[in-house]
$ cat upload_25.txt   # compact mmCIF, C-alpha atoms and all ligand atoms
# COMPACT_ATOMS: atom_id res chain seq x y z
CA MET A 1 149.55 274.08 -22.38
CA THR A 2 151.82 274.38 -25.42
CA THR A 3 151.77 277.42 -27.67
CA PRO A 4 150.95 276.43 -31.26
CA THR A 5 153.37 277.75 -33.87
CA ILE A 6 151.73 280.39 -36.05
CA GLU A 7 151.85 279.28 -39.68
CA LEU A 8 152.40 282.19 -42.08
CA LYS A 9 150.07 282.46 -45.08
CA PRO A 10 150.59 286.10 -46.10
CA SER A 11 148.36 287.97 -48.49
CA SER A 12 149.30 287.91 -52.18
CA SER A 13 147.54 291.26 -52.71
CA PRO A 14 148.25 293.63 -49.79
CA LEU A 15 147.20 297.25 -50.19
CA SER A 16 149.73 299.35 -52.14
CA ALA A 17 152.04 301.68 -50.22
CA ALA A 18 150.20 304.67 -51.71
CA GLU A 19 146.77 303.38 -50.60
CA ARG A 20 148.12 302.63 -47.11
CA GLU A 21 149.72 306.07 -46.80
CA ALA A 22 146.44 307.72 -47.82
CA ILE A 23 144.70 305.88 -44.96
CA LEU A 24 147.48 306.65 -42.47
CA ALA A 25 147.16 310.36 -43.28
CA ASN A 26 143.75 310.35 -41.55
CA PRO A 27 143.01 306.95 -40.02
CA GLY A 28 140.05 307.89 -37.78
CA PHE A 29 139.19 305.14 -35.29
CA GLY A 30 138.30 301.57 -36.27
CA ARG A 31 137.53 302.37 -39.92
CA HIS A 32 140.43 300.69 -41.73
CA PHE A 33 142.12 297.35 -41.20
CA THR A 34 145.56 296.04 -42.06
CA ASP A 35 146.41 293.34 -44.60
CA HIS A 36 146.45 290.37 -42.21
CA MET A 37 144.85 288.76 -39.20
CA VAL A 38 145.87 285.92 -36.91
CA THR A 39 143.43 283.10 -36.19
CA ILE A 40 143.73 280.22 -33.71
CA ARG A 41 141.12 277.53 -33.12
CA TRP A 42 140.25 275.64 -29.94
CA THR A 43 138.41 272.36 -29.87
CA GLU A 44 137.43 270.37 -26.79
CA GLY A 45 139.81 267.45 -26.31
CA ARG A 46 142.37 268.97 -28.69
CA GLY A 47 143.08 272.40 -27.23
CA TRP A 48 144.55 275.27 -29.27
CA HIS A 49 145.43 274.41 -32.86
CA ASP A 50 145.59 275.71 -36.43
CA ALA A 51 147.33 278.98 -35.55
CA GLN A 52 147.71 281.02 -38.73
CA LEU A 53 148.50 284.44 -40.08
CA VAL A 54 146.15 284.88 -43.04
CA PRO A 55 144.93 287.74 -45.27
CA TYR A 56 142.39 289.99 -43.48
CA GLY A 57 138.92 288.97 -44.63
CA PRO A 58 135.40 287.84 -43.74
CA LEU A 59 134.77 284.91 -41.41
CA SER A 60 132.35 282.32 -42.70
CA LEU A 61 129.88 281.23 -40.00
CA ASP A 62 126.96 278.80 -40.05
CA PRO A 63 123.73 280.71 -39.13
CA ALA A 64 123.38 278.46 -36.08
CA THR A 65 126.84 279.32 -34.74
CA ASN A 66 126.53 279.69 -30.99
CA VAL A 67 127.97 283.21 -30.68
CA LEU A 68 125.32 284.64 -33.01
CA HIS A 69 122.60 283.58 -30.58
CA TYR A 70 124.00 283.58 -27.07
CA ALA A 71 126.86 286.11 -27.39
CA GLN A 72 129.65 283.97 -25.95
CA GLU A 73 132.31 286.47 -27.00
CA ILE A 74 135.19 288.39 -25.42
CA PHE A 75 137.64 290.97 -26.74
CA GLU A 76 140.62 293.14 -25.90
CA GLY A 77 142.10 296.43 -27.09
CA LEU A 78 145.78 297.42 -27.03
CA LYS A 79 148.08 299.61 -29.08
CA ALA A 80 151.41 299.40 -30.91
CA TYR A 81 153.45 302.62 -31.12
CA ARG A 82 156.25 303.76 -33.41
CA ARG A 83 159.26 304.92 -31.39
CA PRO A 84 161.75 307.69 -32.20
CA ASP A 85 164.24 305.17 -33.68
CA GLY A 86 161.54 303.72 -35.99
CA SER A 87 161.11 300.50 -33.99
CA VAL A 88 157.68 299.39 -32.76
CA ALA A 89 156.53 298.35 -29.28
CA THR A 90 153.18 297.38 -27.76
CA PHE A 91 151.95 298.67 -24.40
CA ARG A 92 151.47 296.05 -21.65
CA PRO A 93 150.24 293.19 -23.90
CA ASP A 94 150.72 290.74 -21.01
CA ALA A 95 148.18 292.72 -18.97
CA ASN A 96 145.65 292.47 -21.80
CA ALA A 97 146.42 288.75 -22.09
CA ARG A 98 145.69 288.22 -18.40
CA ARG A 99 142.47 290.21 -18.57
CA PHE A 100 141.49 288.16 -21.65
CA GLN A 101 141.97 285.02 -19.55
CA ALA A 102 139.81 286.47 -16.76
CA SER A 103 137.08 287.38 -19.27
CA ALA A 104 137.30 283.89 -20.79
CA HIS A 105 136.91 282.31 -17.37
CA ARG A 106 133.83 284.42 -16.60
CA LEU A 107 132.21 283.56 -19.96
CA GLY A 108 132.92 279.83 -19.64
CA MET A 109 135.49 279.91 -22.45
CA PRO A 110 138.97 278.32 -22.69
CA GLU A 111 141.86 280.47 -21.47
CA LEU A 112 144.43 281.32 -24.14
CA PRO A 113 147.98 281.11 -22.69
CA VAL A 114 149.46 284.58 -22.09
CA GLU A 115 152.46 283.82 -24.33
CA THR A 116 150.15 282.73 -27.20
CA PHE A 117 148.14 285.95 -26.94
CA VAL A 118 151.31 288.06 -26.97
CA GLU A 119 152.86 286.03 -29.80
CA ALA A 120 149.70 286.38 -31.93
CA CYS A 121 149.83 290.18 -31.49
CA ASP A 122 153.57 290.24 -32.22
CA VAL A 123 153.25 288.20 -35.42
CA LEU A 124 150.47 290.43 -36.74
CA VAL A 125 152.28 293.68 -35.91
CA ARG A 126 155.53 292.34 -37.39
CA HIS A 127 153.83 291.47 -40.68
CA ASP A 128 151.80 294.66 -40.88
CA GLU A 129 154.50 296.90 -39.41
CA ALA A 130 154.17 299.37 -42.29
CA TRP A 131 150.68 300.15 -40.90
CA VAL A 132 152.06 301.49 -37.60
CA PRO A 133 151.75 305.29 -37.91
CA ALA A 134 154.91 307.41 -37.87
CA HIS A 135 156.44 308.60 -34.60
CA GLY A 136 155.69 312.19 -33.71
CA GLY A 137 151.93 312.36 -33.28
CA GLU A 138 149.51 310.33 -31.16
CA ASP A 139 148.41 307.88 -33.85
CA SER A 140 149.06 304.20 -33.22
CA LEU A 141 148.09 300.75 -34.45
CA TYR A 142 145.10 299.51 -32.42
CA LEU A 143 145.00 295.74 -31.94
CA ARG A 144 141.68 294.02 -31.39
CA PRO A 145 142.07 290.40 -30.19
CA PHE A 146 138.73 288.62 -29.74
CA MET A 147 137.30 285.14 -29.28
CA ILE A 148 133.94 283.70 -30.32
CA ALA A 149 132.10 280.45 -29.68
CA THR A 150 131.96 278.63 -33.02
CA GLU A 151 130.07 275.45 -32.15
CA VAL A 152 127.04 275.08 -34.39
CA GLY A 153 123.80 274.46 -32.52
CA LEU A 154 121.15 276.16 -30.44
CA GLY A 155 121.75 274.46 -27.09
CA VAL A 156 122.53 276.91 -24.30
CA ARG A 157 125.81 275.74 -22.76
CA PRO A 158 129.50 276.58 -23.11
CA ALA A 159 130.51 275.74 -26.69
CA ASN A 160 132.97 272.99 -27.53
CA GLU A 161 134.73 275.03 -30.27
CA TYR A 162 136.13 278.57 -30.33
CA LEU A 163 137.93 280.89 -32.71
CA PHE A 164 140.50 283.44 -31.47
CA VAL A 165 141.29 286.26 -33.91
CA VAL A 166 143.54 289.32 -33.82
CA ILE A 167 142.89 292.17 -36.24
CA ALA A 168 144.64 295.55 -36.39
CA SER A 169 143.47 299.03 -37.29
CA PRO A 170 145.48 302.25 -37.58
CA ALA A 171 144.05 304.64 -35.00
CA GLY A 172 143.80 308.37 -34.63
CA PRO A 173 141.84 309.95 -31.76
CA TYR A 174 138.73 308.08 -30.56
CA PHE A 175 136.94 311.42 -30.14
CA PRO A 176 137.35 313.59 -33.20
CA GLY A 177 138.63 317.08 -32.47
CA GLY A 178 141.78 316.33 -30.45
CA VAL A 179 141.95 316.86 -26.70
CA LYS A 180 138.56 318.47 -26.49
CA PRO A 181 136.63 317.89 -23.23
CA VAL A 182 133.72 315.47 -23.64
CA SER A 183 130.25 315.87 -22.19
CA ILE A 184 128.79 313.16 -20.00
CA TRP A 185 125.25 312.01 -19.26
CA ALA A 186 125.15 310.48 -15.75
CA SER A 187 122.41 307.89 -16.12
CA GLU A 188 120.47 307.19 -12.94
CA ASP A 189 118.07 304.67 -14.45
CA ARG A 190 119.92 302.67 -17.10
CA VAL A 191 122.61 300.47 -15.58
CA ARG A 192 125.52 298.79 -17.33
CA ALA A 193 126.35 295.92 -15.00
CA VAL A 194 125.12 294.27 -11.83
CA PRO A 195 126.94 292.68 -8.86
CA GLY A 196 127.74 289.09 -9.75
CA GLY A 197 127.26 289.82 -13.46
CA VAL A 198 129.82 290.30 -16.23
CA GLY A 199 130.65 294.00 -15.81
CA ASP A 200 134.32 293.31 -15.17
CA ALA A 201 134.63 291.03 -18.22
CA LYS A 202 135.35 292.56 -21.61
CA THR A 203 132.46 290.93 -23.43
CA GLY A 204 130.33 292.26 -26.26
CA GLY A 205 127.08 291.99 -24.29
CA ASN A 206 128.15 294.81 -21.97
CA TYR A 207 128.52 297.09 -24.97
CA ALA A 208 125.27 295.94 -26.61
CA ALA A 209 123.50 296.76 -23.34
CA SER A 210 125.00 300.25 -23.37
CA LEU A 211 123.88 301.31 -26.84
CA LEU A 212 120.38 302.55 -26.03
CA ALA A 213 121.72 304.62 -23.13
CA GLN A 214 124.44 305.94 -25.45
CA ALA A 215 121.80 306.96 -28.03
CA GLU A 216 119.75 308.64 -25.28
CA ALA A 217 122.85 310.52 -24.12
CA ALA A 218 123.54 311.65 -27.68
CA ALA A 219 119.95 312.91 -27.93
CA LYS A 220 120.68 315.02 -24.82
CA GLY A 221 123.77 316.42 -26.53
CA CYS A 222 126.26 314.26 -24.57
CA ASP A 223 129.23 312.28 -25.90
CA GLN A 224 129.28 309.48 -23.32
CA VAL A 225 127.20 307.81 -20.61
CA CYS A 226 128.45 307.57 -17.05
CA TYR A 227 127.04 304.50 -15.31
CA LEU A 228 126.15 304.40 -11.63
CA ASP A 229 125.99 301.24 -9.54
CA ALA A 230 122.95 299.05 -10.11
CA VAL A 231 121.91 298.71 -6.45
CA GLU A 232 121.87 302.20 -4.94
CA HIS A 233 122.05 304.11 -8.24
CA LYS A 234 124.50 306.56 -6.72
CA TRP A 235 128.08 305.24 -6.88
CA VAL A 236 129.99 306.27 -9.99
CA GLU A 237 131.34 303.26 -11.89
CA GLU A 238 132.65 304.10 -15.37
CA LEU A 239 131.76 305.24 -18.88
CA GLY A 240 130.67 302.85 -21.65
CA GLY A 241 134.25 302.34 -22.82
CA MET A 242 136.48 304.21 -20.35
CA ASN A 243 137.32 304.48 -16.66
CA LEU A 244 137.05 307.74 -14.74
CA TYR A 245 139.43 309.77 -12.58
CA PHE A 246 138.59 312.65 -10.23
CA VAL A 247 141.32 315.20 -9.53
CA TYR A 248 141.35 316.78 -6.07
CA GLY A 249 144.24 319.27 -6.24
CA ASN A 250 147.30 317.03 -6.28
CA LYS A 251 145.42 313.79 -5.58
CA ILE A 252 143.73 311.63 -8.21
CA VAL A 253 140.88 309.30 -7.23
CA THR A 254 139.38 306.51 -9.32
CA PRO A 255 136.33 304.36 -8.48
CA THR A 256 137.15 301.15 -6.62
CA LEU A 257 136.97 297.94 -8.68
CA THR A 258 133.67 296.56 -7.40
CA GLY A 259 133.36 293.72 -9.91
CA SER A 260 130.85 295.58 -12.05
CA LEU A 261 133.37 297.82 -13.83
CA LEU A 262 136.32 297.00 -16.04
CA ALA A 263 139.80 296.93 -14.52
CA GLY A 264 141.28 299.25 -17.14
CA ILE A 265 144.97 298.92 -17.93
CA THR A 266 145.20 302.68 -18.50
CA ARG A 267 143.53 303.19 -15.11
CA ASP A 268 146.09 300.91 -13.46
CA SER A 269 149.00 302.57 -15.30
CA LEU A 270 147.89 306.03 -14.20
CA LEU A 271 147.95 305.01 -10.53
CA LYS A 272 151.69 304.50 -11.10
CA VAL A 273 152.34 307.47 -13.41
CA ALA A 274 150.65 309.71 -10.82
CA GLY A 275 153.29 308.60 -8.31
CA ASP A 276 156.08 309.34 -10.83
CA LEU A 277 154.77 312.91 -11.12
CA GLY A 278 154.47 313.39 -7.36
CA TYR A 279 150.68 313.15 -7.19
CA GLU A 280 148.85 311.06 -4.63
CA SER A 281 146.42 308.46 -5.94
CA GLU A 282 143.55 306.59 -4.36
CA GLU A 283 140.91 304.03 -5.29
CA ALA A 284 137.65 304.95 -3.55
CA ARG A 285 133.90 304.96 -4.01
CA VAL A 286 132.68 308.32 -5.32
CA SER A 287 128.96 309.15 -5.36
CA ILE A 288 127.22 311.29 -7.94
CA ASP A 289 126.18 313.63 -5.07
CA GLN A 290 129.80 314.02 -3.99
CA TRP A 291 130.85 314.62 -7.60
CA GLN A 292 128.38 317.50 -7.94
CA ALA A 293 128.97 318.94 -4.44
CA ASP A 294 132.78 318.81 -4.67
CA THR A 295 132.70 320.47 -8.09
CA GLU A 296 130.50 323.22 -6.71
CA ASN A 297 132.63 323.74 -3.58
CA GLY A 298 135.78 323.83 -5.72
CA THR A 299 137.64 320.86 -4.15
CA LEU A 300 137.13 318.62 -7.21
CA THR A 301 139.26 320.45 -9.70
CA GLU A 302 139.24 318.19 -12.79
CA VAL A 303 137.67 314.97 -14.09
CA PHE A 304 138.96 312.82 -16.92
CA ALA A 305 138.18 309.56 -18.67
CA CYS A 306 140.85 307.03 -19.62
CA GLY A 307 141.19 303.95 -21.76
CA THR A 308 143.24 302.47 -24.56
CA ALA A 309 141.14 303.98 -27.35
CA ALA A 310 140.42 307.26 -25.55
CA VAL A 311 143.91 307.65 -23.98
CA ILE A 312 143.07 310.43 -21.47
CA THR A 313 140.11 312.59 -22.35
CA PRO A 314 139.04 315.51 -20.16
CA VAL A 315 135.42 315.68 -19.00
CA GLY A 316 133.90 319.12 -19.64
CA THR A 317 130.16 319.13 -18.98
CA VAL A 318 128.19 316.72 -16.79
CA LYS A 319 124.42 316.42 -17.17
CA SER A 320 122.12 314.33 -15.00
CA ALA A 321 118.50 314.29 -13.87
CA ARG A 322 119.61 316.49 -10.94
CA GLY A 323 121.13 319.24 -13.10
CA GLU A 324 124.15 320.21 -15.13
CA TRP A 325 127.63 321.35 -14.13
CA GLN A 326 131.02 322.03 -15.69
CA GLN A 327 134.46 320.70 -14.80
CA SER A 328 137.48 323.03 -14.88
CA GLY A 329 135.57 325.66 -16.85
CA GLY A 330 135.00 323.17 -19.68
CA GLU A 331 138.73 323.24 -20.49
CA PRO A 332 141.31 320.41 -20.22
CA GLY A 333 142.74 320.55 -16.68
CA GLU A 334 146.43 320.94 -15.86
CA VAL A 335 146.81 317.64 -13.96
CA THR A 336 144.86 315.80 -16.67
CA MET A 337 147.22 317.08 -19.35
CA LYS A 338 150.38 316.36 -17.31
CA LEU A 339 149.30 312.75 -16.76
CA ARG A 340 148.30 312.44 -20.42
CA ASP A 341 151.65 313.75 -21.64
CA ALA A 342 153.60 311.53 -19.23
CA LEU A 343 151.75 308.35 -20.21
CA LEU A 344 151.95 309.08 -23.94
CA ALA A 345 155.67 309.86 -23.60
CA ILE A 346 156.26 306.36 -22.21
CA GLN A 347 154.03 304.74 -24.84
CA THR A 348 155.63 306.52 -27.80
CA GLY A 349 159.17 305.99 -26.51
CA LYS A 350 159.87 309.66 -25.77
CA ALA A 351 160.36 308.95 -22.07
CA ASP A 352 162.16 306.11 -20.32
CA ASP A 353 160.07 302.99 -19.79
CA VAL A 354 160.64 303.10 -16.03
CA HIS A 355 157.89 300.56 -15.28
CA GLY A 356 158.97 298.00 -17.92
CA TRP A 357 155.63 298.32 -19.73
CA MET A 358 156.76 298.45 -23.35
CA HIS A 359 157.03 295.16 -25.22
CA GLU A 360 159.50 295.42 -28.10
CA LEU A 361 158.91 293.35 -31.19
N1 LIG B 401 135.95 300.45 -19.26
C1 LIG B 401 135.39 299.91 -20.37
C2 LIG B 401 133.97 299.50 -20.30
C3 LIG B 401 136.16 299.74 -21.53
O1 LIG B 401 135.63 299.21 -22.63
C4 LIG B 401 137.51 300.15 -21.52
C5 LIG B 401 138.34 299.99 -22.73
O2 LIG B 401 139.00 299.05 -22.93
C6 LIG B 401 138.04 300.69 -20.35
C7 LIG B 401 137.23 300.83 -19.25
C8 LIG B 401 139.48 301.07 -20.26
O3 LIG B 401 140.30 299.93 -20.25
P1 LIG B 401 141.77 299.96 -20.84
O4 LIG B 401 142.46 301.09 -20.18
O5 LIG B 401 142.35 298.64 -20.47
O6 LIG B 401 141.64 300.14 -22.31
C1 LIG B 402 139.40 300.23 -25.81
O1 LIG B 402 139.68 301.34 -25.36
O2 LIG B 402 140.26 299.45 -26.21
C2 LIG B 402 138.01 299.78 -25.89
O3 LIG B 402 137.78 298.62 -26.08
C3 LIG B 402 136.90 300.75 -25.74
C4 LIG B 402 136.03 300.91 -26.92
C5 LIG B 402 135.15 302.08 -26.63
C6 LIG B 402 136.76 301.14 -28.19
$ encode --input "upload_25.txt" --output "structure tokens"
Amino acid sequence: MTTPTIELKPSSSPLSAAEREAILANPGFGRHFTDHMVTIRWTEGRGWHDAQLVPYGPLSLDPATNVLHYAQEIFEGLKAYRRPDGSVATFRPDANARRFQASAHRLGMPELPVETFVEACDVLVRHDEAWVPAHGGEDSLYLRPFMIATEVGLGVRPANEYLFVVIASPAGPYFPGGVKPVSIWASEDRVRAVPGGVGDAKTGGNYAASLLAQAEAAAKGCDQVCYLDAVEHKWVEELGGMNLYFVYGNKIVTPTLTGSLLAGITRDSLLKVAGDLGYESEEARVSIDQWQADTENGTLTEVFACGTAAVITPVGTVKSARGEWQQSGGEPGEVTMKLRDALLAIQTGKADDVHGWMHEL
């Protein structure tokens, strides 16, 4: 498969430097978008074609476009960071590219070559480099590659046309309020994904299916939903947009990849960063009963969530039908913060990239 060359059609009216700086002063999460986007089309029999960098703007879709009805869609999330010397690098874009291929396969979509995915991200970040927040804080440029089925028609089958797009958004913390522990509703009735389903694909339907549970959690005063397995309703899987880690003294444990949770790239990276810091790490099944019991008997010392948008976010309060409990006195735990600092130091270029994760532009 050859990588199409990305044709450059830059915007003739990008935002002024003053307008951009005003946004970068307080970007929030996913509220503002940069001046450009990259689009690549795929057509059956022709493959990938018409790769372009164009001004950011609306997509025009026929009302009968397949994705609007049957949700054949996948997406990714990765970040570009400003380093101390002013240069910019993305974190593990090849890993996102491979997961995008796996999601495409599961959704019956064409697989974008890894080098095309990475090149599309590079071209966008290079053109909109001024949108990458300054080094020093935790802000970054969040990249959102996605692909939709664009065939027009109401037949239910894999489409014969697709559109791949990368957009970029300057990003502050996903949870407002800095490193404040989040509260979790452990849902024993609503499930996110089933064995054999699409839980390990990054596809919009998983998130659509999580919204009612998320609203119910919010009504109970919780920030996030923790999903349990769909068969026994007892094994902890993940949050709606983050993986989970349990800290047992100097060992960190994350739920095993069962096929119904996302193989997070932050999750994978932390298995390695834990080793760098001298912690043990393990992938294991953890039940909601064990979570509660081990918190109460003091062996489970901290819990945190992790993901590209959320970075590492401590879990403070857990509520479930069986009761409510607190992790590490509702404060960010020591191991959580050490892992967070170590990972962010690699991502922002403050620490050596010992694992070869940073992709320089
Ligand atoms: N789980 C879900 C459902 C997610 O949406 C995400 C976010 O991408 C994650 C876990 C964490 O994955 P990553 O660390 O690759 O961002
Ligand atoms: C990410 O972390 O990149 C995600 O896609 C999760 C979403 C909650 C923003």
$ closest_atom_pairs --input "upload_25.txt" --of "chain A" --to "ligand LIG 402 (chain B)" --cutoff "8 Å" --atoms "only C-alpha atoms and all ligand atoms" --output "Markdown table"
| residue | atom | partner | partner_atom | distance |
| --- | --- | --- | --- | --- |
| A:Phe75 | CA | B:LIG402 | O3 | 7.7 |
| A:Glu76 | CA | B:LIG402 | O3 | 6.2 |
| A:Gly77 | CA | B:LIG402 | O2 | 3.6 |
| A:Leu78 | CA | B:LIG402 | O2 | 5.9 |
| A:Tyr142 | CA | B:LIG402 | O2 | 7.9 |
| A:Arg144 | CA | B:LIG402 | O2 | 7.6 |
| A:Tyr174 | CA | B:LIG402 | C6 | 7.6 |
| A:Lys202 | CA | B:LIG402 | O3 | 7.9 |
| A:Gly240 | CA | B:LIG402 | C5 | 6.7 |
| A:Gly241 | CA | B:LIG402 | C5 | 3.9 |
| A:Met242 | CA | B:LIG402 | C3 | 6.4 |
| A:Gly307 | CA | B:LIG402 | O1 | 4.7 |
| A:Thr308 | CA | B:LIG402 | O1 | 3.8 |
| A:Ala309 | CA | B:LIG402 | O1 | 3.6 |
| A:Ala310 | CA | B:LIG402 | O1 | 6.0 |
| A:Val311 | CA | B:LIG402 | O1 | 7.7 |
$ residues_near_ligand --input "upload_25.txt" --ligand "ligand LIG 401 (chain B)" --cutoff "10 Å" --atoms "all atoms listed in the file" --output "PyMOL selection string"
chain A and resi 75-79+92+95-96+99+192-193+199-204+206-207+210+227+237-244+260-270+305-312
$ closest_residue --input "upload_25.txt" --among "A:Phe304, A:Trp325, A:Trp131, A:Tyr56" --to "Val166 in chain A" --atoms "only C-alpha atoms"
A:Tyr56
$ closest_residue --input "upload_25.txt" --among "A:Leu343, A:Val315, A:Ile40, A:Ala130" --to "Thr3 in chain A" --atoms "only C-alpha atoms"
A:Ile40
$ residues_around --input "upload_25.txt" --residues "Ala215 in chain A" --least-positions-apart "5" --cutoff "12 Å" --atoms "all atoms listed in the file" --output "ChimeraX atom specification"
/A:185,187,190,208-210,220-225,240
$ residues_around --input "upload_25.txt" --residues "Val114 in chain A" --least-positions-apart "3" --cutoff "12 Å" --atoms "all atoms listed in the file" --output "list in words"
Met1, Thr2, Thr3, Arg92, Pro93, Asp94, Ala95, Asn96, Ala97, Arg98, Arg99, Phe100, Gln101, Ala102, Glu111, Phe117, Val118, Glu119, Ala120 and Cys121 of chain A
$ atom_distance --input "upload_25.txt" --atom1 "CA of Val354 in chain A" --atom2 "CA of Leu271 in chain A"
14.0 Å
$ axis_aligned_box --input "upload_25.txt" --around "range 213-222 of chain A" --padding-each-side "5 Å" --output "JSON"
{"center_x": 123.0, "center_y": 310.5, "center_z": -25.6, "size_x": 16.5, "size_y": 21.8, "size_z": 14.9}
$ residues_near_point --input "upload_25.txt" --point "(146.5, 289.6, -37.5)" --cutoff "12 Å" --atoms "only C-alpha atoms" --output "PyMOL selection string"
chain A and resi 6-11+33-40+51-57+117-129+131+141-146+164-169
$ atom_distance --input "upload_25.txt" --atom1 "CA of Asp229 in chain A" --atom2 "CA of Val191 in chain A"
7.0 Å
$ closest_residue --input "upload_25.txt" --among "A:Gly177, A:Gly136, A:Gly298, A:Gly249" --to "Ser281 in chain A" --atoms "only C-alpha atoms"
A:Gly249
$ atom_distance --input "upload_25.txt" --atom1 "CA of Gly196 in chain A" --atom2 "CA of Leu107 in chain A"
12.4 Å
$ closest_residue --input "upload_25.txt" --among "A:Met358, A:Ala284, A:Val198, A:Leu212" --to "Ala104 in chain A" --atoms "all atoms listed in the file"
A:Val198
$ closest_residue --input "upload_25.txt" --among "A:Asn250, A:Gln327, A:Thr313, A:Ser140" --to "Tyr81 in chain A" --atoms "all atoms listed in the file"
A:Ser140
$ closest_residue --input "upload_25.txt" --among "A:Ala217, A:Lys272, A:Glu280, A:His355" --to "Ala321 in chain A" --atoms "all atoms listed in the file"
A:Ala217
